[in-house]
Amino acid sequence: MNEITIFAPATIANISCGFDVLGCCLDTVGDEMVVRKVPEKGVKISKIEGVDLPFESDKNVAGVAALALLNEFKKKLDFGFEIDIYKNIKPGSGIGSSAASAAGAVFAINELLNKPFSKLQLVEFARKGEELACGSPIADNVAPAIFGGFTLVKSTNPLNIIELPSLEGLYTTILHPQIEIKTEDSRTILPKKVALTDAVKQWANVGALVHALHTNDYNLFSESLTDFIVEPHRSKLIYGFDKVKESALKAGALGCGISGSGPSIFTFSKNHQIAENVANSLNSIYLKNNIPFKIYISKISTQGIKIINTK
Ligand code: ADP
């Protein structure tokens with residue numbers, strides 16, 4: 001195989017109660033990437049379409065993650081890699097734009113090298129890219145992009161990712177106001193200490209959410225989607241958040257929260273029809289503002305990154 005085309009999915013991190021540990025993968029929202037072997041050694045970003053991003057390998061998360069992988073590949077290579085990135089997700093979206101590129105690059109190179117690395121190792125390389133994007137090597141977006149479905153980052157040192165089942169037929173509707181909130185900035189507004197009473201409620205919800213996924217329990221899943229710690233601070237950065245949440249729940253959503261560090265707002269629905277109803281309600285609320293926005297509807301993917309084509 002000399003060339004591979006992949007779909008690099010968007011992801012929702014945090015999922016209300018699971019700040020920095022929970023994430024899930026989207027099925028139809030994401031970027032495309034083409035990675036090919038070339039005679040020149042190393043990693044070159046040869047094309048970026050859709051948004052303005054650096055082409056230098058050490059300034060683009062795809063390049064940083066790819067180089068982290070190649071540093072660990074012990075056999076001598078007499079070729080290198082060229083990466084084309086077709087971005088559909090704006091950086092600073094909160095739905096894992098940087099994670100899609102980092103995860104996509106290492107997944108594709110691993111395929112071209114005949115899969116010497118495990119999925120867990122790929123997450124390890126990809127989070128080096130995340131370190132460039134947001135200042136710390138977070139794994140809660142790259143893990144679901146690589147493993148698919150829902151994931152829990154059990155620990156970061158050593159890295160331990162737990163794959164969780166998804167609920168059957170689960171859909172997400174995402175409202176993406178077209179303003180950029182950098183992960184780095186939205187982390188600085190968070191409190192350094194939390195009240196024990198809030199922490200107790202929060203970890204009860206994380207446990208309940210994990211149980212709900214294992215037992216396919218939509219009611220418990222819905223009841224667990226509350227964030228007592230982060231959302232009260234970050235929601236202030238997102239125009240109209242409370243109204244959006246209220247209307248999504250009224251339209252039948254199981255829950256609503258801030259995706260990653262925002263500004264995207266995610267909702268979950270039991271089926272496609274409810275996801276459409278939620279989209280209509282979010283659309284009518286945000287049309288009243290002057291802020292441009294996009295709405296995405298997607299199934300939750302259990303697959304993660306998908307191979308579109310190989311040559
Ligand atoms: P998101 O949640 O959308 O990934 P982040 O703030 O975590 O947002 O990451 C966006 C930052 O990463 C921006 O500063 C962007 O310039 C940088 N970046 C570098 N390479 C890429 C890439 N290939 N895709 C997206 N963002 C990138």
# chains A, B, ... in the order shown; residues from 1 in each chain; ligands from 1
$ residues_near_ligand --ligand "ligand 1" --cutoff "6 Å" --atoms "only C-alpha atoms and all ligand atoms" --output "list of chain:residue names"
A:Leu53, A:Asn60, A:Val61, A:Ala62, A:Pro91, A:Gly92, A:Ser93, A:Gly94, A:Ile95, A:Gly96, A:Ser97, A:Ser98, A:Ala99, A:Ser101, A:Ala133, A:Cys134, A:Lys182, A:Thr183
$ residues_around --residues "Arg36 (chain A)" --least-positions-apart "6" --cutoff "9 Å" --atoms "only C-alpha atoms" --output "CSV table (one decimal) with N, CA, C and O atoms, in the first residue's frame"
chain,number,residue,atom,x,y,z
A,1,MET,N,0.8,-1.2,0.0
A,1,MET,CA,0.0,0.0,0.0
A,1,MET,C,0.9,1.3,0.0
A,1,MET,O,1.8,1.4,0.8
A,2,ASN,N,0.6,2.2,-1.0
A,2,ASN,CA,1.4,3.4,-1.0
A,2,ASN,C,0.7,4.6,-0.6
A,2,ASN,O,1.3,5.7,-0.4
A,3,GLU,N,-0.7,4.5,-0.7
A,3,GLU,CA,-1.5,5.7,-0.3
A,3,GLU,C,-2.8,5.3,0.3
A,3,GLU,O,-3.3,4.3,0.0
A,4,ILE,N,-3.2,6.1,1.3
A,4,ILE,CA,-4.4,5.8,2.0
A,4,ILE,C,-5.3,7.0,2.2
A,4,ILE,O,-4.7,8.1,2.5
A,5,THR,N,-6.6,6.9,1.9
A,5,THR,CA,-7.5,8.0,2.2
A,5,THR,C,-8.4,7.7,3.3
A,5,THR,O,-8.9,6.6,3.3
A,80,GLY,N,9.6,8.5,3.1
A,80,GLY,CA,8.9,9.4,4.1
A,80,GLY,C,7.4,9.4,3.7
A,80,GLY,O,6.9,8.6,2.9
A,81,PHE,N,6.7,10.4,4.3
A,81,PHE,CA,5.3,10.5,4.1
A,81,PHE,C,4.8,11.9,3.8
A,81,PHE,O,5.4,12.9,4.3
A,82,GLU,N,3.8,12.0,2.9
A,82,GLU,CA,3.2,13.3,2.6
A,82,GLU,C,1.8,13.3,3.0
A,82,GLU,O,1.1,12.3,2.8
A,83,ILE,N,1.3,14.4,3.6
A,83,ILE,CA,-0.1,14.4,4.2
A,83,ILE,C,-0.9,15.5,3.5
A,83,ILE,O,-0.4,16.7,3.5
A,84,ASP,N,-2.0,15.2,3.0
A,84,ASP,CA,-3.0,16.2,2.5
A,84,ASP,C,-4.1,16.2,3.5
A,84,ASP,O,-4.7,15.1,3.9
A,108,ALA,N,-3.2,6.6,9.7
A,108,ALA,CA,-2.9,6.4,8.3
A,108,ALA,C,-1.4,5.9,8.1
A,108,ALA,O,-1.2,4.9,7.4
A,109,ILE,N,-0.5,6.5,8.8
A,109,ILE,CA,0.9,6.0,8.7
A,109,ILE,C,1.1,4.6,9.3
A,109,ILE,O,1.8,3.8,8.7
A,112,LEU,N,0.0,2.3,6.6
A,112,LEU,CA,1.0,2.2,5.5
A,112,LEU,C,2.3,1.4,5.9
A,112,LEU,O,3.0,1.0,5.1
$ residues_around --residues "Tyr171 (chain A)" --least-positions-apart "5" --cutoff "7 Å" --atoms "only C-alpha atoms" --output "list in words"
Phe268, Ser269, Lys270, Asn271, His272, Ala275, Ser298, Lys299 and Ile300 of chain A
$ closest_residue --among "A:Asn309, A:Asn88, A:Thr28, A:Ser261" --to "Val51 (chain A)" --atoms "only C-alpha atoms"
A:Asn88
$ atom_distance --atom1 "CA of Lys59 (chain A)" --atom2 "CA of Tyr296 (chain A)"
28.4 Å
$ residues_around --residues "region 136-141 of chain A" --least-positions-apart "3" --cutoff "9 Å" --atoms "only C-alpha atoms" --output "ChimeraX atom specification"
/A:10-14,19-25,95-96,98-100,103,123-124,126-133,144-146,151-153,156,159,161,184,260
$ select_by_dssp --residues "region 27-65 of chain A" --states "helix (DSSP H, G or I)" --output "list in words"
Val61, Ala62, Gly63, Val64 and Ala65 of chain A
$ atom_distance --atom1 "CA of Thr215 (chain A)" --atom2 "CA of Ile162 (chain A)"
16.3 Å
$ residues_around --residues "His214 (chain A)" --least-positions-apart "4" --cutoff "12 Å" --atoms "only C-alpha atoms" --output "number ranges by chain"
A: 150, 163-168, 207-210, 218, 220-221
$ write_last_selection --atoms "all heavy atoms" --output "mmCIF file, in the first residue's frame"
data_model
loop_
_atom_site.group_PDB
_atom_site.id
_atom_site.type_symbol
_atom_site.label_atom_id
_atom_site.label_comp_id
_atom_site.auth_asym_id
_atom_site.auth_seq_id
_atom_site.Cartn_x
_atom_site.Cartn_y
_atom_site.Cartn_z
ATOM 1 N N PHE A 150 -17.623 5.214 22.711
ATOM 2 C CA PHE A 150 -17.328 5.998 23.916
ATOM 3 C C PHE A 150 -16.027 5.493 24.519
ATOM 4 O O PHE A 150 -15.765 4.278 24.516
ATOM 5 C CB PHE A 150 -18.443 5.831 24.953
ATOM 6 C CG PHE A 150 -19.672 6.652 24.676
ATOM 7 C CD1 PHE A 150 -20.592 6.254 23.708
ATOM 8 C CD2 PHE A 150 -19.907 7.824 25.365
ATOM 9 C CE1 PHE A 150 -21.731 7.017 23.453
ATOM 10 C CE2 PHE A 150 -21.044 8.587 25.116
ATOM 11 C CZ PHE A 150 -21.955 8.177 24.159
ATOM 12 N N GLU A 163 -12.451 1.202 26.644
ATOM 13 C CA GLU A 163 -13.494 1.285 25.603
ATOM 14 C C GLU A 163 -14.842 0.970 26.232
ATOM 15 O O GLU A 163 -14.989 -0.059 26.892
ATOM 16 C CB GLU A 163 -13.225 0.256 24.509
ATOM 17 C CG GLU A 163 -12.083 0.609 23.603
ATOM 18 C CD GLU A 163 -11.921 -0.470 22.532
ATOM 19 O OE1 GLU A 163 -12.673 -0.446 21.549
ATOM 20 O OE2 GLU A 163 -11.056 -1.330 22.714
ATOM 21 N N LEU A 164 -15.816 1.849 26.013
ATOM 22 C CA LEU A 164 -17.158 1.646 26.572
ATOM 23 C C LEU A 164 -18.138 1.367 25.436
ATOM 24 O O LEU A 164 -17.953 1.874 24.324
ATOM 25 C CB LEU A 164 -17.605 2.907 27.320
ATOM 26 C CG LEU A 164 -16.715 3.336 28.493
ATOM 27 C CD1 LEU A 164 -17.092 4.733 28.958
ATOM 28 C CD2 LEU A 164 -16.845 2.343 29.637
ATOM 29 N N PRO A 165 -19.200 0.603 25.716
ATOM 30 C CA PRO A 165 -20.189 0.399 24.659
ATOM 31 C C PRO A 165 -20.989 1.680 24.412
ATOM 32 O O PRO A 165 -21.006 2.562 25.276
ATOM 33 C CB PRO A 165 -21.096 -0.692 25.225
ATOM 34 C CG PRO A 165 -20.869 -0.681 26.685
ATOM 35 C CD PRO A 165 -19.530 -0.079 26.963
ATOM 36 N N SER A 166 -21.636 1.775 23.259
ATOM 37 C CA SER A 166 -22.506 2.928 22.989
ATOM 38 C C SER A 166 -23.957 2.477 23.130
ATOM 39 O O SER A 166 -24.234 1.285 23.181
ATOM 40 C CB SER A 166 -22.245 3.441 21.572
ATOM 41 O OG SER A 166 -23.041 4.567 21.322
ATOM 42 N N LEU A 167 -24.867 3.436 23.223
ATOM 43 C CA LEU A 167 -26.284 3.078 23.241
ATOM 44 C C LEU A 167 -26.732 2.821 21.805
ATOM 45 O O LEU A 167 -26.312 3.532 20.889
ATOM 46 C CB LEU A 167 -27.113 4.225 23.828
ATOM 47 C CG LEU A 167 -26.847 4.602 25.286
ATOM 48 C CD1 LEU A 167 -27.747 5.763 25.688
ATOM 49 C CD2 LEU A 167 -27.081 3.424 26.207
ATOM 50 N N GLU A 168 -27.600 1.835 21.634
ATOM 51 C CA GLU A 168 -28.069 1.502 20.286
ATOM 52 C C GLU A 168 -28.779 2.703 19.664
ATOM 53 O O GLU A 168 -29.627 3.305 20.312
ATOM 54 C CB GLU A 168 -29.079 0.351 20.359
ATOM 55 C CG GLU A 168 -28.441 -1.006 20.469
ATOM 56 C CD GLU A 168 -29.432 -2.047 20.980
ATOM 57 O OE1 GLU A 168 -30.643 -1.878 20.766
ATOM 58 O OE2 GLU A 168 -28.949 -3.007 21.607
ATOM 59 N N GLY A 207 -20.071 7.545 37.101
ATOM 60 C CA GLY A 207 -20.312 6.115 37.328
ATOM 61 C C GLY A 207 -21.642 5.680 36.728
ATOM 62 O O GLY A 207 -21.737 4.642 36.067
ATOM 63 N N ALA A 208 -22.668 6.508 36.942
ATOM 64 C CA ALA A 208 -24.004 6.174 36.426
ATOM 65 C C ALA A 208 -24.014 6.167 34.897
ATOM 66 O O ALA A 208 -24.638 5.300 34.269
ATOM 67 C CB ALA A 208 -25.026 7.179 36.963
ATOM 68 N N LEU A 209 -23.297 7.101 34.304
ATOM 69 C CA LEU A 209 -23.259 7.168 32.835
ATOM 70 C C LEU A 209 -22.602 5.914 32.252
ATOM 71 O O LEU A 209 -23.078 5.325 31.277
ATOM 72 C CB LEU A 209 -22.523 8.432 32.380
ATOM 73 C CG LEU A 209 -22.653 8.761 30.900
ATOM 74 C CD1 LEU A 209 -22.862 10.251 30.685
ATOM 75 C CD2 LEU A 209 -21.435 8.325 30.124
ATOM 76 N N VAL A 210 -21.512 5.499 32.867
ATOM 77 C CA VAL A 210 -20.825 4.282 32.402
ATOM 78 C C VAL A 210 -21.761 3.077 32.543
ATOM 79 O O VAL A 210 -21.872 2.244 31.630
ATOM 80 C CB VAL A 210 -19.503 4.077 33.180
ATOM 81 C CG1 VAL A 210 -18.908 2.698 32.908
ATOM 82 C CG2 VAL A 210 -18.496 5.176 32.823
ATOM 83 N N TYR A 218 -31.375 4.302 28.548
ATOM 84 C CA TYR A 218 -31.483 5.693 28.076
ATOM 85 C C TYR A 218 -31.856 6.667 29.190
ATOM 86 O O TYR A 218 -31.382 7.800 29.199
ATOM 87 C CB TYR A 218 -32.522 5.780 26.959
ATOM 88 C CG TYR A 218 -31.994 5.368 25.621
ATOM 89 C CD1 TYR A 218 -32.149 4.067 25.161
ATOM 90 C CD2 TYR A 218 -31.327 6.278 24.807
ATOM 91 C CE1 TYR A 218 -31.646 3.676 23.933
ATOM 92 C CE2 TYR A 218 -30.826 5.902 23.574
ATOM 93 C CZ TYR A 218 -30.993 4.604 23.145
ATOM 94 O OH TYR A 218 -30.496 4.236 21.935
ATOM 95 N N LEU A 220 -31.230 6.470 32.486
ATOM 96 C CA LEU A 220 -30.093 6.716 33.369
ATOM 97 C C LEU A 220 -29.026 7.556 32.640
ATOM 98 O O LEU A 220 -28.421 8.462 33.222
ATOM 99 C CB LEU A 220 -29.492 5.392 33.856
ATOM 100 C CG LEU A 220 -28.365 5.509 34.878
ATOM 101 C CD1 LEU A 220 -28.839 6.193 36.159
ATOM 102 C CD2 LEU A 220 -27.777 4.130 35.214
ATOM 103 N N PHE A 221 -28.829 7.258 31.360
ATOM 104 C CA PHE A 221 -27.886 8.029 30.538
ATOM 105 C C PHE A 221 -28.282 9.509 30.579
ATOM 106 O O PHE A 221 -27.460 10.387 30.856
ATOM 107 C CB PHE A 221 -27.925 7.487 29.104
ATOM 108 C CG PHE A 221 -27.001 8.178 28.131
ATOM 109 C CD1 PHE A 221 -25.633 7.966 28.170
ATOM 110 C CD2 PHE A 221 -27.511 9.031 27.152
ATOM 111 C CE1 PHE A 221 -24.785 8.584 27.260
ATOM 112 C CE2 PHE A 221 -26.677 9.656 26.239
ATOM 113 C CZ PHE A 221 -25.308 9.425 26.298
#
$ closest_residue --among "A:Leu237, A:Leu120, A:Ile307, A:Leu26" --to "Ile179 (chain A)" --atoms "only C-alpha atoms"
A:Leu237
$ select_by_dssp --residues "region 163-204 of chain A" --states "strand (DSSP E)" --output "PDB file with all heavy atoms, in the first residue's frame"
ATOM      1  N   GLU A 163     -12.451   1.202  26.644  1.00  0.00           N
ATOM      2  CA  GLU A 163     -13.494   1.285  25.603  1.00  0.00           C
ATOM      3  C   GLU A 163     -14.842   0.970  26.232  1.00  0.00           C
ATOM      4  O   GLU A 163     -14.989  -0.059  26.892  1.00  0.00           O
ATOM      5  CB  GLU A 163     -13.225   0.256  24.509  1.00  0.00           C
ATOM      6  CG  GLU A 163     -12.083   0.609  23.603  1.00  0.00           C
ATOM      7  CD  GLU A 163     -11.921  -0.470  22.532  1.00  0.00           C
ATOM      8  OE1 GLU A 163     -12.673  -0.446  21.549  1.00  0.00           O
ATOM      9  OE2 GLU A 163     -11.056  -1.330  22.714  1.00  0.00           O
ATOM     10  N   LEU A 164     -15.816   1.849  26.013  1.00  0.00           N
ATOM     11  CA  LEU A 164     -17.158   1.646  26.572  1.00  0.00           C
ATOM     12  C   LEU A 164     -18.138   1.367  25.436  1.00  0.00           C
ATOM     13  O   LEU A 164     -17.953   1.874  24.324  1.00  0.00           O
ATOM     14  CB  LEU A 164     -17.605   2.907  27.320  1.00  0.00           C
ATOM     15  CG  LEU A 164     -16.715   3.336  28.493  1.00  0.00           C
ATOM     16  CD1 LEU A 164     -17.092   4.733  28.958  1.00  0.00           C
ATOM     17  CD2 LEU A 164     -16.845   2.343  29.637  1.00  0.00           C
ATOM     18  N   TYR A 171     -27.953   9.237  18.531  1.00  0.00           N
ATOM     19  CA  TYR A 171     -27.595  10.331  17.610  1.00  0.00           C
ATOM     20  C   TYR A 171     -27.151  11.554  18.394  1.00  0.00           C
ATOM     21  O   TYR A 171     -27.549  11.743  19.549  1.00  0.00           O
ATOM     22  CB  TYR A 171     -28.807  10.731  16.760  1.00  0.00           C
ATOM     23  CG  TYR A 171     -28.916   9.929  15.488  1.00  0.00           C
ATOM     24  CD1 TYR A 171     -29.489   8.671  15.499  1.00  0.00           C
ATOM     25  CD2 TYR A 171     -28.428  10.430  14.284  1.00  0.00           C
ATOM     26  CE1 TYR A 171     -29.581   7.920  14.345  1.00  0.00           C
ATOM     27  CE2 TYR A 171     -28.515   9.684  13.116  1.00  0.00           C
ATOM     28  CZ  TYR A 171     -29.092   8.432  13.150  1.00  0.00           C
ATOM     29  OH  TYR A 171     -29.170   7.700  12.003  1.00  0.00           O
ATOM     30  N   THR A 172     -26.343  12.374  17.771  1.00  0.00           N
ATOM     31  CA  THR A 172     -26.020  13.667  18.359  1.00  0.00           C
ATOM     32  C   THR A 172     -26.400  14.778  17.383  1.00  0.00           C
ATOM     33  O   THR A 172     -26.296  14.610  16.161  1.00  0.00           O
ATOM     34  CB  THR A 172     -24.525  13.781  18.734  1.00  0.00           C
ATOM     35  OG1 THR A 172     -24.292  15.060  19.324  1.00  0.00           O
ATOM     36  CG2 THR A 172     -23.610  13.628  17.547  1.00  0.00           C
ATOM     37  N   THR A 173     -26.875  15.876  17.943  1.00  0.00           N
ATOM     38  CA  THR A 173     -27.079  17.099  17.160  1.00  0.00           C
ATOM     39  C   THR A 173     -26.137  18.117  17.783  1.00  0.00           C
ATOM     40  O   THR A 173     -26.153  18.309  19.005  1.00  0.00           O
ATOM     41  CB  THR A 173     -28.530  17.604  17.290  1.00  0.00           C
ATOM     42  OG1 THR A 173     -29.411  16.541  16.938  1.00  0.00           O
ATOM     43  CG2 THR A 173     -28.780  18.814  16.394  1.00  0.00           C
ATOM     44  N   ILE A 174     -25.319  18.744  16.951  1.00  0.00           N
ATOM     45  CA  ILE A 174     -24.326  19.685  17.481  1.00  0.00           C
ATOM     46  C   ILE A 174     -24.533  21.065  16.874  1.00  0.00           C
ATOM     47  O   ILE A 174     -24.679  21.201  15.652  1.00  0.00           O
ATOM     48  CB  ILE A 174     -22.897  19.180  17.177  1.00  0.00           C
ATOM     49  CG1 ILE A 174     -22.632  17.922  18.024  1.00  0.00           C
ATOM     50  CG2 ILE A 174     -21.845  20.250  17.476  1.00  0.00           C
ATOM     51  CD1 ILE A 174     -21.315  17.269  17.805  1.00  0.00           C
ATOM     52  N   LEU A 175     -24.570  22.058  17.743  1.00  0.00           N
ATOM     53  CA  LEU A 175     -24.630  23.447  17.289  1.00  0.00           C
ATOM     54  C   LEU A 175     -23.219  24.012  17.406  1.00  0.00           C
ATOM     55  O   LEU A 175     -22.623  23.992  18.481  1.00  0.00           O
ATOM     56  CB  LEU A 175     -25.579  24.250  18.192  1.00  0.00           C
ATOM     57  CG  LEU A 175     -25.550  25.768  17.988  1.00  0.00           C
ATOM     58  CD1 LEU A 175     -26.280  26.173  16.719  1.00  0.00           C
ATOM     59  CD2 LEU A 175     -26.169  26.486  19.181  1.00  0.00           C
ATOM     60  N   HIS A 176     -22.692  24.481  16.279  1.00  0.00           N
ATOM     61  CA  HIS A 176     -21.330  25.024  16.292  1.00  0.00           C
ATOM     62  C   HIS A 176     -21.360  26.507  15.920  1.00  0.00           C
ATOM     63  O   HIS A 176     -21.366  26.862  14.748  1.00  0.00           O
ATOM     64  CB  HIS A 176     -20.455  24.233  15.300  1.00  0.00           C
ATOM     65  CG  HIS A 176     -19.060  24.751  15.184  1.00  0.00           C
ATOM     66  ND1 HIS A 176     -18.199  24.360  14.188  1.00  0.00           N
ATOM     67  CD2 HIS A 176     -18.353  25.633  15.941  1.00  0.00           C
ATOM     68  CE1 HIS A 176     -17.047  24.971  14.334  1.00  0.00           C
ATOM     69  NE2 HIS A 176     -17.122  25.761  15.381  1.00  0.00           N
ATOM     70  N   PRO A 177     -21.415  27.397  16.947  1.00  0.00           N
ATOM     71  CA  PRO A 177     -21.316  28.828  16.638  1.00  0.00           C
ATOM     72  C   PRO A 177     -19.929  29.083  16.035  1.00  0.00           C
ATOM     73  O   PRO A 177     -18.937  28.568  16.556  1.00  0.00           O
ATOM     74  CB  PRO A 177     -21.444  29.502  18.011  1.00  0.00           C
ATOM     75  CG  PRO A 177     -21.939  28.444  18.942  1.00  0.00           C
ATOM     76  CD  PRO A 177     -21.479  27.140  18.390  1.00  0.00           C
TER      77      PRO A 177
END
$ atom_distance --atom1 "CA of Asp27 (chain A)" --atom2 "CA of Pro9 (chain A)"
6.7 Å
$ residues_around --residues "Ser281 (chain A)" --least-positions-apart "4" --cutoff "12 Å" --atoms "only C-alpha atoms" --output "ChimeraX atom specification"
/A:173-175,243-253,267,274-277,285-288,295
$ closest_residue --among "A:Lys154, A:Gly135, A:Glu180, A:Leu69" --to "Leu113 (chain A)" --atoms "only C-alpha atoms"
A:Leu69
$ closest_residue --among "A:Val278, A:Asn289, A:Glu40, A:Gly257" --to "Ser16 (chain A)" --atoms "only C-alpha atoms"
A:Gly257
